[in-house]
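S.K.: Handing over run.cif, mmCIF, C-alpha atoms.
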```cif
data_upload
#
loop_
_atom_site.group_PDB
_atom_site.id
_atom_site.type_symbol
_atom_site.label_atom_id
_atom_site.label_comp_id
_atom_site.auth_asym_id
_atom_site.auth_seq_id
_atom_site.Cartn_x
_atom_site.Cartn_y
_atom_site.Cartn_z
ATOM 1 C CA MET A 18 0.000 0.000 0.000
ATOM 2 C CA ASN A 19 1.351 3.423 -0.941
ATOM 3 C CA ASN A 20 0.985 6.236 1.537
ATOM 4 C CA PRO A 21 0.324 9.676 0.083
ATOM 5 C CA PRO A 22 3.139 12.151 0.612
ATOM 6 C CA VAL A 23 2.748 14.283 3.686
ATOM 7 C CA ALA A 24 2.438 17.904 2.708
ATOM 8 C CA GLY A 25 4.375 20.441 4.724
ATOM 9 C CA PRO A 26 3.039 23.834 5.678
ATOM 10 C CA ILE A 27 2.063 26.197 2.902
ATOM 11 C CA ASN A 28 4.717 28.870 2.419
ATOM 12 C CA ILE A 29 3.911 32.394 1.272
ATOM 13 C CA LEU A 30 7.059 34.146 0.079
ATOM 14 C CA ILE A 31 6.999 37.941 0.343
ATOM 15 C CA SER A 32 9.635 40.082 -1.312
ATOM 16 C CA LEU A 33 10.221 42.816 1.257
ATOM 17 C CA GLU A 34 12.312 45.364 -0.634
ATOM 18 C CA THR A 35 9.464 47.909 -0.624
ATOM 19 C CA ILE A 36 7.076 46.478 1.968
ATOM 20 C CA CYS A 37 7.636 49.278 4.475
ATOM 21 C CA ASP A 38 5.487 51.428 2.198
ATOM 22 C CA ASN A 39 2.666 48.903 1.983
ATOM 23 C CA ARG A 40 1.449 47.789 5.414
ATOM 24 C CA ALA A 41 -2.072 47.088 4.105
ATOM 25 C CA ALA A 42 -0.758 44.580 1.567
ATOM 26 C CA LEU A 43 1.250 42.806 4.252
ATOM 27 C CA ASP A 44 -1.858 42.641 6.445
ATOM 28 C CA ARG A 45 -3.802 41.023 3.597
ATOM 29 C CA LEU A 46 -1.051 38.446 3.103
ATOM 30 C CA ALA A 47 -1.038 37.663 6.823
ATOM 31 C CA GLU A 48 -4.815 37.285 6.749
ATOM 32 C CA LEU A 49 -4.444 34.899 3.796
ATOM 33 C CA ALA A 50 -1.805 32.950 5.735
ATOM 34 C CA LEU A 51 -4.194 32.662 8.677
ATOM 35 C CA LEU A 52 -7.024 31.396 6.476
ATOM 36 C CA MET A 53 -4.746 28.912 4.692
ATOM 37 C CA GLN A 54 -2.822 27.924 7.837
ATOM 38 C CA ALA A 55 0.298 29.012 6.003
ATOM 39 C CA ARG A 56 3.652 30.440 7.028
ATOM 40 C CA LEU A 57 4.915 33.842 5.916
ATOM 41 C CA HIS A 58 8.470 33.874 4.602
ATOM 42 C CA GLY A 59 9.825 37.392 4.290
ATOM 43 C CA LEU A 60 12.801 37.833 1.985
ATOM 44 C CA TYR A 61 14.891 40.990 1.894
ATOM 45 C CA VAL A 62 17.618 41.142 -0.744
ATOM 46 C CA GLU A 63 20.478 43.582 -0.373
ATOM 47 C CA ASP A 64 20.937 44.400 -4.068
ATOM 48 C CA GLU A 65 24.529 43.585 -4.975
ATOM 49 C CA GLU A 66 24.141 45.198 -8.393
ATOM 50 C CA LEU A 67 23.156 48.522 -6.828
ATOM 51 C CA LEU A 68 26.120 48.290 -4.482
ATOM 52 C CA ASP A 69 28.403 47.661 -7.457
ATOM 53 C CA ILE A 70 27.004 50.674 -9.318
ATOM 54 C CA ALA A 71 27.777 52.842 -6.300
ATOM 55 C CA GLU A 72 31.481 52.204 -6.956
ATOM 56 C CA PHE A 73 31.428 54.268 -10.167
ATOM 57 C CA PRO A 74 32.559 57.859 -9.608
ATOM 58 C CA PHE A 75 29.890 59.276 -11.929
ATOM 59 C CA THR A 76 26.941 57.621 -10.160
ATOM 60 C CA GLN A 77 24.486 60.128 -8.688
ATOM 61 C CA GLU A 78 21.542 59.648 -6.364
ATOM 62 C CA VAL A 79 18.381 61.721 -6.692
ATOM 63 C CA ARG A 80 16.437 61.616 -3.451
ATOM 64 C CA LEU A 81 12.749 60.902 -3.836
ATOM 65 C CA HIS A 82 11.292 63.458 -1.434
ATOM 66 C CA SER A 83 13.694 66.346 -1.872
ATOM 67 C CA ALA A 84 14.973 65.904 -5.443
ATOM 68 C CA ALA A 85 18.425 66.682 -4.044
ATOM 69 C CA GLU A 86 21.333 65.048 -5.842
ATOM 70 C CA GLY A 87 24.488 63.599 -4.418
ATOM 71 C CA GLY A 88 27.122 60.959 -4.911
ATOM 72 C CA LEU A 89 26.266 57.377 -4.090
ATOM 73 C CA GLU A 90 28.589 55.915 -1.455
ATOM 74 C CA ARG A 91 28.753 52.154 -1.095
ATOM 75 C CA ASN A 92 29.256 52.090 2.695
ATOM 76 C CA LEU A 93 26.342 54.474 3.275
ATOM 77 C CA LEU A 94 24.171 52.455 0.905
ATOM 78 C CA GLU A 95 25.061 49.253 2.785
ATOM 79 C CA GLN A 96 24.040 50.899 6.068
ATOM 80 C CA GLN A 97 20.747 52.019 4.537
ATOM 81 C CA MET A 98 20.056 48.517 3.209
ATOM 82 C CA ARG A 99 20.724 46.978 6.618
ATOM 83 C CA SER A 100 18.414 49.544 8.217
ATOM 84 C CA VAL A 101 15.619 48.876 5.732
ATOM 85 C CA GLY A 102 16.100 45.135 6.261
ATOM 86 C CA ARG A 103 15.710 45.557 10.024
ATOM 87 C CA GLN A 104 12.573 47.662 9.494
ATOM 88 C CA ALA A 105 11.115 45.073 7.135
ATOM 89 C CA GLU A 106 11.804 42.270 9.621
ATOM 90 C CA ALA A 107 10.230 44.243 12.466
ATOM 91 C CA LEU A 108 7.144 45.018 10.391
ATOM 92 C CA LEU A 109 6.765 41.389 9.338
ATOM 93 C CA ALA A 110 7.105 40.274 12.966
ATOM 94 C CA GLN A 111 4.529 42.816 14.102
ATOM 95 C CA VAL A 112 1.984 41.885 11.436
ATOM 96 C CA ALA A 113 2.493 38.137 11.805
ATOM 97 C CA THR A 114 2.129 38.368 15.580
ATOM 98 C CA HIS A 115 -1.020 40.460 15.206
ATOM 99 C CA TRP A 116 -2.590 37.837 12.933
ATOM 100 C CA GLY A 117 -1.163 34.889 14.890
ATOM 101 C CA VAL A 118 0.657 33.322 11.956
ATOM 102 C CA GLU A 119 4.009 31.589 11.774
ATOM 103 C CA TRP A 120 6.731 33.575 10.057
ATOM 104 C CA GLN A 121 10.381 33.629 9.162
ATOM 105 C CA PHE A 122 12.672 36.292 7.788
ATOM 106 C CA GLN A 123 15.678 35.916 5.538
ATOM 107 C CA ARG A 124 18.158 38.591 4.527
ATOM 108 C CA VAL A 125 20.528 37.834 1.669
ATOM 109 C CA ARG A 126 22.879 39.789 -0.547
ATOM 110 C CA GLY A 127 22.855 39.171 -4.272
ATOM 111 C CA LYS A 128 21.003 39.865 -7.475
ATOM 112 C CA ILE A 129 17.324 40.412 -6.630
ATOM 113 C CA THR A 130 15.934 38.277 -9.465
ATOM 114 C CA THR A 131 18.307 35.402 -8.721
ATOM 115 C CA GLU A 132 17.650 35.366 -4.984
ATOM 116 C CA LEU A 133 13.900 35.728 -5.430
ATOM 117 C CA SER A 134 13.843 32.896 -7.982
ATOM 118 C CA ARG A 135 15.852 30.687 -5.640
ATOM 119 C CA ALA A 136 13.512 31.339 -2.703
ATOM 120 C CA ALA A 137 10.404 30.977 -4.887
ATOM 121 C CA GLN A 138 11.322 27.348 -5.619
ATOM 122 C CA GLN A 139 10.451 26.531 -2.000
ATOM 123 C CA ALA A 140 7.265 28.620 -1.902
ATOM 124 C CA ASP A 141 3.665 27.838 -2.730
ATOM 125 C CA ILE A 142 2.654 31.484 -3.217
ATOM 126 C CA VAL A 143 4.942 34.377 -4.143
ATOM 127 C CA SER A 144 4.109 38.033 -3.529
ATOM 128 C CA ILE A 145 6.171 40.835 -4.997
ATOM 129 C CA LEU A 146 4.966 44.184 -3.721
#
```
Represent the structure contained in this file as structure tokens.
M.R.:
Amino acid sequence: MNNPPVAGPINILISLETICDNRAALDRLAELALLMQARLHGLYVEDEELLDIAEFPFTQEVRLHSAAEGGLERNLLEQQMRSVGRQAEALLAQVATHWGVEWQFQRVRGKITTELSRAAQQADIVSIL
């Protein structure tokens, strides 16, 4: 007699590069996880390509809210990425706790499309916000 394979928990992968701007979307995903008895898997990718571009002396940054321009410094950019990653993890923890769902957070450095594709292979649902 063959036993059917035992399914593990449903995994919902969330790309968290911009999630800090979209709390409502994260709430909806947590609600979905609750209804599906799924686990939220937050992924934050520190974009290695952006860090590499910062090495060029002609690279300029235009700030979104002030339109001010300035040089792009790799070490400052790395600090900002770490800060955003911590904020994303804290927000995911807060939302998951509020909805009572299991969660995990992963921070990696690499090419966003490559890392997201790699993580998506283990996911049942993928959300890119």
S.K.: Quick one: of A:Ala50, A:Thr130, A:Tyr61, A:Thr35, who's nearest to Glu106 (chain A), counting only C-alpha atoms?
M.R.: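 Of A:Ala50, A:Thr130, A:Tyr61, A:Thr35, the one nearest Glu106 (chain A), counting only C-alpha atoms, is A:Tyr61.
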S.K.: Calculated over all atoms listed in the file, which of the candidates A:Ile70, A:Ala137, A:Ala113, A:Leu33 has the smallest distance to Leu49 (chain A)?
M.R.: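 So, comparing all the options, the nearest one is A:Ala113.
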S.K.: Carefully work through the PyMOL selection byres ((chain A and resi 56) around 9) for this structure and note down the residues it includes, as a VMD selection string.
M.R.: chain A and resid 26 to 30 47 50 to 51 53 to 55 57 to 58 118 to 121
S.K.: Mind writing the picked residues with C-alpha atoms as a compact mmCIF listing (two decimals), in the frame of the given file?
M.R.:
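So part-v3.txt came out as:
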```
# COMPACT_ATOMS: atom_id res chain seq x y z
CA PRO A 26 3.04 23.83 5.68
CA ILE A 27 2.06 26.20 2.90
CA ASN A 28 4.72 28.87 2.42
CA ILE A 29 3.91 32.39 1.27
CA LEU A 30 7.06 34.15 0.08
CA ALA A 47 -1.04 37.66 6.82
CA ALA A 50 -1.80 32.95 5.74
CA LEU A 51 -4.19 32.66 8.68
CA MET A 53 -4.75 28.91 4.69
CA GLN A 54 -2.82 27.92 7.84
CA ALA A 55 0.30 29.01 6.00
CA LEU A 57 4.92 33.84 5.92
CA HIS A 58 8.47 33.87 4.60
CA VAL A 118 0.66 33.32 11.96
CA GLU A 119 4.01 31.59 11.77
CA TRP A 120 6.73 33.58 10.06
CA GLN A 121 10.38 33.63 9.16
```
S.K.: Which of these, A:Gly102, A:Ala71, A:Ile129, A:His82, has the shortest distance to Ile145 (chain A) once you count all atoms listed in the file?
M.R.: A:Ile129
S.K.: Counting only C-alpha atoms, figure out which residue out of A:Leu94, A:Leu109, A:Ser83, A:Pro74 gets nearest to Ala42 (chain A).
M.R.: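 Among the listed residues, A:Leu109 lies closest to Ala42 (chain A).
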S.K.: To test your reading of the syntax: which residues would the PyMOL selection byres ((chain A and resi 60) around 7) return for the file shown? Reply as an MDAnalysis selection string.
M.R.: chainID A and resid 31:33 58:59 61:62 122:124
S.K.: For each of A:Arg135, A:Arg80, A:His115, A:Arg126, take the minimum atom-to-atom distance to Arg99 (chain A), counting only C-alpha atoms, then give the residue where this is smallest.
M.R.: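 Nearest candidate to Arg99 (chain A) out of A:Arg135, A:Arg80, A:His115, A:Arg126: A:Arg126.
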S.K.: Can you work out which one of A:Asp44, A:Ala136, A:Glu95, A:Val143 has the shortest atom-to-atom distance to Trp116 (chain A), counting only C-alpha atoms?
M.R.: A:Asp44
S.K.: Mind rebuilding region 41-67 of chain A with N, CA, C and O atoms and writing that out as a tab-separated table (two decimals), in the frame of the given file?
M.R.:
```tsv
chain	number	residue	atom	x	y	z
A	41	ALA	N	-0.77	47.70	4.40
A	41	ALA	CA	-2.07	47.09	4.11
A	41	ALA	C	-1.90	45.80	3.31
A	41	ALA	O	-2.59	44.80	3.58
A	42	ALA	N	-0.99	45.79	2.36
A	42	ALA	CA	-0.76	44.58	1.57
A	42	ALA	C	-0.20	43.46	2.45
A	42	ALA	O	-0.59	42.29	2.31
A	43	LEU	N	0.69	43.80	3.34
A	43	LEU	CA	1.25	42.81	4.25
A	43	LEU	C	0.17	42.26	5.18
A	43	LEU	O	0.13	41.06	5.46
A	44	ASP	N	-0.73	43.11	5.64
A	44	ASP	CA	-1.86	42.64	6.44
A	44	ASP	C	-2.72	41.65	5.67
A	44	ASP	O	-3.18	40.65	6.23
A	45	ARG	N	-2.98	41.93	4.40
A	45	ARG	CA	-3.80	41.02	3.60
A	45	ARG	C	-3.11	39.67	3.42
A	45	ARG	O	-3.75	38.62	3.44
A	46	LEU	N	-1.79	39.70	3.23
A	46	LEU	CA	-1.05	38.45	3.10
A	46	LEU	C	-1.06	37.66	4.41
A	46	LEU	O	-1.17	36.43	4.40
A	47	ALA	N	-0.97	38.34	5.53
A	47	ALA	CA	-1.04	37.66	6.82
A	47	ALA	C	-2.43	37.08	7.04
A	47	ALA	O	-2.57	35.97	7.57
A	48	GLU	N	-3.45	37.80	6.64
A	48	GLU	CA	-4.82	37.28	6.75
A	48	GLU	C	-4.97	36.04	5.88
A	48	GLU	O	-5.58	35.05	6.31
A	49	LEU	N	-4.42	36.06	4.67
A	49	LEU	CA	-4.44	34.90	3.80
A	49	LEU	C	-3.72	33.72	4.45
A	49	LEU	O	-4.20	32.58	4.42
A	50	ALA	N	-2.56	34.00	5.05
A	50	ALA	CA	-1.80	32.95	5.74
A	50	ALA	C	-2.63	32.33	6.86
A	50	ALA	O	-2.62	31.12	7.05
A	51	LEU	N	-3.35	33.16	7.60
A	51	LEU	CA	-4.19	32.66	8.68
A	51	LEU	C	-5.28	31.74	8.13
A	51	LEU	O	-5.49	30.64	8.63
A	52	LEU	N	-5.94	32.18	7.07
A	52	LEU	CA	-7.02	31.40	6.48
A	52	LEU	C	-6.52	30.08	5.88
A	52	LEU	O	-7.22	29.07	5.92
A	53	MET	N	-5.31	30.10	5.33
A	53	MET	CA	-4.75	28.91	4.69
A	53	MET	C	-3.88	28.09	5.64
A	53	MET	O	-3.33	27.07	5.23
A	54	GLN	N	-3.74	28.55	6.87
A	54	GLN	CA	-2.82	27.92	7.84
A	54	GLN	C	-1.42	27.82	7.23
A	54	GLN	O	-0.78	26.78	7.25
A	55	ALA	N	-0.99	28.95	6.69
A	55	ALA	CA	0.30	29.01	6.00
A	55	ALA	C	1.32	29.79	6.83
A	55	ALA	O	0.98	30.43	7.82
A	56	ARG	N	2.54	29.72	6.39
A	56	ARG	CA	3.65	30.44	7.03
A	56	ARG	C	4.11	31.56	6.10
A	56	ARG	O	4.22	31.37	4.89
A	57	LEU	N	4.36	32.73	6.68
A	57	LEU	CA	4.92	33.84	5.92
A	57	LEU	C	6.43	33.75	5.90
A	57	LEU	O	7.05	33.52	6.95
A	58	HIS	N	7.01	33.89	4.74
A	58	HIS	CA	8.47	33.87	4.60
A	58	HIS	C	8.88	35.20	3.96
A	58	HIS	O	8.71	35.39	2.76
A	59	GLY	N	9.37	36.10	4.79
A	59	GLY	CA	9.82	37.39	4.29
A	59	GLY	C	11.24	37.29	3.77
A	59	GLY	O	12.11	36.70	4.42
A	60	LEU	N	11.47	37.84	2.59
A	60	LEU	CA	12.80	37.83	1.98
A	60	LEU	C	13.20	39.27	1.67
A	60	LEU	O	12.48	39.99	0.99
A	61	TYR	N	14.34	39.68	2.20
A	61	TYR	CA	14.89	40.99	1.89
A	61	TYR	C	16.24	40.78	1.22
A	61	TYR	O	17.14	40.14	1.79
A	62	VAL	N	16.38	41.30	0.01
A	62	VAL	CA	17.62	41.14	-0.74
A	62	VAL	C	18.37	42.46	-0.77
A	62	VAL	O	17.84	43.48	-1.22
A	63	GLU	N	19.58	42.44	-0.25
A	63	GLU	CA	20.48	43.58	-0.37
A	63	GLU	C	21.04	43.51	-1.79
A	63	GLU	O	21.80	42.60	-2.11
A	64	ASP	N	20.66	44.44	-2.63
A	64	ASP	CA	20.94	44.40	-4.07
A	64	ASP	C	22.42	44.61	-4.37
A	64	ASP	O	22.92	45.74	-4.32
A	65	GLU	N	23.10	43.53	-4.69
A	65	GLU	CA	24.53	43.58	-4.97
A	65	GLU	C	24.83	44.42	-6.22
A	65	GLU	O	25.84	45.12	-6.27
A	66	GLU	N	23.93	44.40	-7.19
A	66	GLU	CA	24.14	45.20	-8.39
A	66	GLU	C	24.12	46.70	-8.08
A	66	GLU	O	24.91	47.47	-8.62
A	67	LEU	N	23.21	47.11	-7.23
A	67	LEU	CA	23.16	48.52	-6.83
A	67	LEU	C	24.42	48.91	-6.07
A	67	LEU	O	24.98	49.99	-6.28
```
